[in-house]
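Here is the structure we will look at, set down as structure tokens.
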Amino acid sequence: MEQGQTMTLRDVPVGERARVKKLSGEGAIKRHIMDMGITKGVEVFVRKVAPLGDPLEVTVRGYELSLRKSEAENVLVERIA
């Protein structure tokens, strides 16, 4: 994974940081993600992933947040150093 490569939040490996580029999805799903503090330009750190891959735990804006894989697929990010 190269720095600056665009991917979904679901694809970011544990221990990596990424910056939100865009939110996909429509209506309530997009609003729900934004209400959790995930907005364009914010930095996200992937802390851990559950044994079966769902949910994943991220740190955003100084707090821990659990996201379903289906939610994380709607967050387009780029890796940062």
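Starting from 1 in every chain, residues are counted up; chains themselves are A, B, ... following the order of the structure tokens, and ligands are numbered from 1 as listed.
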
Requested in this report: For Arg61 in chain A, work out the shell of residues within 10 Å, counting only C-alpha atoms and skipping chain neighbours fewer than 6 positions away, then give it as a list in words.
Outcome: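 Those residues are Met36, Gly37, Ile38, Val42, Glu43, Val44 and Phe45 of chain A.
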
Query - Residues near Val20 in chain A, cut-off 12 Å, only C-alpha atoms, skip fewer than 4 positions along chain, as a PyMOL selection string - result: chain A and resi 4-9+12+24+33-34+37-45+60+72-80

Query raised in the report: Residues at most 8 Å from range 62-70 of chain A, counting only C-alpha atoms, excluding those fewer than 4 positions away in the same chain, as a list in words?
Result: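 The contact residues come out as Arg10, Met36, Gly53, Asp54, Pro55, Leu56, Glu57, Val58 and Asn74 of chain A.
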
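Reported to one decimal place, the separation of CA of Lys30 in chain A from CA of Val49 in chain A is 21.8 Å.
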
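Backbone DSSP assigns helix (DSSP H, G or I) in range 8-54 of chain A to Leu9, Arg10, Asp11, Gly27, Ala28, Ile29, Lys30, Arg31, His32, Ile33, Met34 and Asp35 of chain A.
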
Selection file, N, CA and C atoms, as a PDB file, in the first residue's frame:
```pdb
ATOM      1  N   LEU A   9     -11.928   2.590   3.924  1.00  0.00           N
ATOM      2  CA  LEU A   9     -11.461   2.451   5.301  1.00  0.00           C
ATOM      3  C   LEU A   9     -11.374   0.977   5.687  1.00  0.00           C
ATOM      4  N   ARG A  10     -12.230   0.161   5.143  1.00  0.00           N
ATOM      5  CA  ARG A  10     -12.219  -1.271   5.423  1.00  0.00           C
ATOM      6  C   ARG A  10     -10.889  -1.914   5.014  1.00  0.00           C
ATOM      7  N   ASP A  11     -10.232  -1.374   3.996  1.00  0.00           N
ATOM      8  CA  ASP A  11      -8.999  -1.954   3.461  1.00  0.00           C
ATOM      9  C   ASP A  11      -7.726  -1.473   4.151  1.00  0.00           C
ATOM     10  N   GLY A  27     -28.086   9.302   1.754  1.00  0.00           N
ATOM     11  CA  GLY A  27     -29.056   9.564   2.812  1.00  0.00           C
ATOM     12  C   GLY A  27     -28.625   9.211   4.213  1.00  0.00           C
ATOM     13  N   ALA A  28     -29.374   8.321   4.852  1.00  0.00           N
ATOM     14  CA  ALA A  28     -29.194   8.001   6.262  1.00  0.00           C
ATOM     15  C   ALA A  28     -27.819   7.395   6.556  1.00  0.00           C
ATOM     16  N   ILE A  29     -27.299   6.581   5.657  1.00  0.00           N
ATOM     17  CA  ILE A  29     -25.994   5.958   5.882  1.00  0.00           C
ATOM     18  C   ILE A  29     -24.898   7.020   5.941  1.00  0.00           C
ATOM     19  N   LYS A  30     -24.900   7.902   4.962  1.00  0.00           N
ATOM     20  CA  LYS A  30     -23.895   8.971   4.914  1.00  0.00           C
ATOM     21  C   LYS A  30     -24.040   9.888   6.131  1.00  0.00           C
ATOM     22  N   ARG A  31     -25.242  10.231   6.490  1.00  0.00           N
ATOM     23  CA  ARG A  31     -25.493  11.096   7.650  1.00  0.00           C
ATOM     24  C   ARG A  31     -25.006  10.428   8.936  1.00  0.00           C
ATOM     25  N   HIS A  32     -25.256   9.137   9.077  1.00  0.00           N
ATOM     26  CA  HIS A  32     -24.825   8.383  10.258  1.00  0.00           C
ATOM     27  C   HIS A  32     -23.305   8.422  10.397  1.00  0.00           C
ATOM     28  N   ILE A  33     -22.603   8.214   9.293  1.00  0.00           N
ATOM     29  CA  ILE A  33     -21.136   8.249   9.316  1.00  0.00           C
ATOM     30  C   ILE A  33     -20.640   9.642   9.704  1.00  0.00           C
ATOM     31  N   MET A  34     -21.253  10.671   9.145  1.00  0.00           N
ATOM     32  CA  MET A  34     -20.855  12.042   9.471  1.00  0.00           C
ATOM     33  C   MET A  34     -21.163  12.374  10.929  1.00  0.00           C
ATOM     34  N   ASP A  35     -22.269  11.876  11.453  1.00  0.00           N
ATOM     35  CA  ASP A  35     -22.630  12.111  12.852  1.00  0.00           C
ATOM     36  C   ASP A  35     -21.626  11.490  13.813  1.00  0.00           C
TER      37      ASP A  35
END
```

**Report entry** strand (DSSP E) positions in chain A, given as a ChimeraX atom specification
**Finding:** /A:6-8,17-23,43-49,56-60,63-67,75-80

Mind writing the picked residues with N, CA and C atoms as a short mmCIF file (atom, residue, chain, number, x, y, z; two decimals), in the first residue's frame?
```cif
data_model
loop_
_atom_site.label_atom_id
_atom_site.label_comp_id
_atom_site.auth_asym_id
_atom_site.auth_seq_id
_atom_site.Cartn_x
_atom_site.Cartn_y
_atom_site.Cartn_z
N THR A 6 -5.73 5.67 -2.90
CA THR A 6 -7.11 5.75 -2.45
C THR A 6 -7.69 4.35 -2.28
N MET A 7 -8.36 4.13 -1.15
CA MET A 7 -8.98 2.85 -0.81
C MET A 7 -10.13 3.11 0.15
N THR A 8 -10.82 2.07 0.54
CA THR A 8 -11.87 2.26 1.54
C THR A 8 -11.27 2.08 2.93
N ARG A 17 -2.56 4.81 9.52
CA ARG A 17 -3.34 6.04 9.54
C ARG A 17 -3.80 6.37 8.13
N ALA A 18 -4.96 7.01 8.04
CA ALA A 18 -5.49 7.41 6.74
C ALA A 18 -6.26 8.72 6.91
N ARG A 19 -6.39 9.45 5.81
CA ARG A 19 -7.16 10.70 5.81
C ARG A 19 -8.38 10.49 4.91
N VAL A 20 -9.54 10.92 5.41
CA VAL A 20 -10.78 10.74 4.66
C VAL A 20 -10.79 11.67 3.45
N LYS A 21 -11.02 11.07 2.28
CA LYS A 21 -11.08 11.84 1.04
C LYS A 21 -12.53 12.13 0.64
N LYS A 22 -13.40 11.14 0.84
CA LYS A 22 -14.78 11.28 0.38
C LYS A 22 -15.66 10.26 1.08
N LEU A 23 -16.92 10.62 1.28
CA LEU A 23 -17.91 9.69 1.81
C LEU A 23 -18.86 9.31 0.68
N GLU A 43 -8.38 12.73 10.08
CA GLU A 43 -7.43 11.61 10.15
C GLU A 43 -8.04 10.49 10.98
N VAL A 44 -7.85 9.26 10.50
CA VAL A 44 -8.39 8.07 11.16
C VAL A 44 -7.25 7.08 11.38
N PHE A 45 -7.20 6.48 12.57
CA PHE A 45 -6.20 5.46 12.90
C PHE A 45 -6.93 4.14 13.13
N VAL A 46 -6.56 3.10 12.40
CA VAL A 46 -7.20 1.79 12.57
C VAL A 46 -6.52 1.07 13.73
N ARG A 47 -7.26 0.90 14.84
CA ARG A 47 -6.71 0.30 16.06
C ARG A 47 -6.73 -1.22 16.02
N LYS A 48 -7.87 -1.80 15.68
CA LYS A 48 -7.95 -3.26 15.63
C LYS A 48 -9.19 -3.70 14.86
N VAL A 49 -9.18 -4.96 14.49
CA VAL A 49 -10.30 -5.56 13.77
C VAL A 49 -10.73 -6.80 14.55
N LEU A 56 -14.66 -3.08 12.99
CA LEU A 56 -13.29 -2.62 13.16
C LEU A 56 -13.33 -1.40 14.07
N GLU A 57 -12.26 -1.24 14.83
CA GLU A 57 -12.18 -0.14 15.79
C GLU A 57 -11.18 0.88 15.29
N VAL A 58 -11.60 2.14 15.24
CA VAL A 58 -10.75 3.22 14.77
C VAL A 58 -10.71 4.33 15.81
N THR A 59 -9.67 5.13 15.75
CA THR A 59 -9.58 6.34 16.56
C THR A 59 -9.78 7.51 15.62
N VAL A 60 -10.76 8.35 15.94
CA VAL A 60 -11.06 9.52 15.13
C VAL A 60 -11.39 10.68 16.08
N TYR A 63 -11.23 9.91 19.95
CA TYR A 63 -12.02 8.89 20.63
C TYR A 63 -12.10 7.62 19.79
N GLU A 64 -12.38 6.50 20.48
CA GLU A 64 -12.47 5.22 19.79
C GLU A 64 -13.89 5.02 19.26
N LEU A 65 -13.96 4.43 18.09
CA LEU A 65 -15.23 4.25 17.40
C LEU A 65 -15.23 2.88 16.74
N SER A 66 -16.33 2.16 16.87
CA SER A 66 -16.47 0.87 16.19
C SER A 66 -17.35 1.06 14.97
N LEU A 67 -16.90 0.52 13.85
CA LEU A 67 -17.63 0.62 12.59
C LEU A 67 -17.86 -0.76 12.01
N VAL A 75 -16.44 4.85 3.24
CA VAL A 75 -15.47 5.90 3.57
C VAL A 75 -14.23 5.71 2.70
N LEU A 76 -14.02 6.59 1.74
CA LEU A 76 -12.84 6.54 0.87
C LEU A 76 -11.72 7.34 1.55
N VAL A 77 -10.55 6.71 1.66
CA VAL A 77 -9.43 7.32 2.37
C VAL A 77 -8.16 7.21 1.55
N GLU A 78 -7.13 7.96 1.99
CA GLU A 78 -5.78 7.81 1.44
C GLU A 78 -4.84 7.61 2.61
N ARG A 79 -3.89 6.73 2.44
CA ARG A 79 -2.90 6.45 3.48
C ARG A 79 -2.02 7.66 3.71
N ILE A 80 -1.67 7.90 4.97
CA ILE A 80 -0.74 8.97 5.30
C ILE A 80 0.41 8.40 6.12
#
```
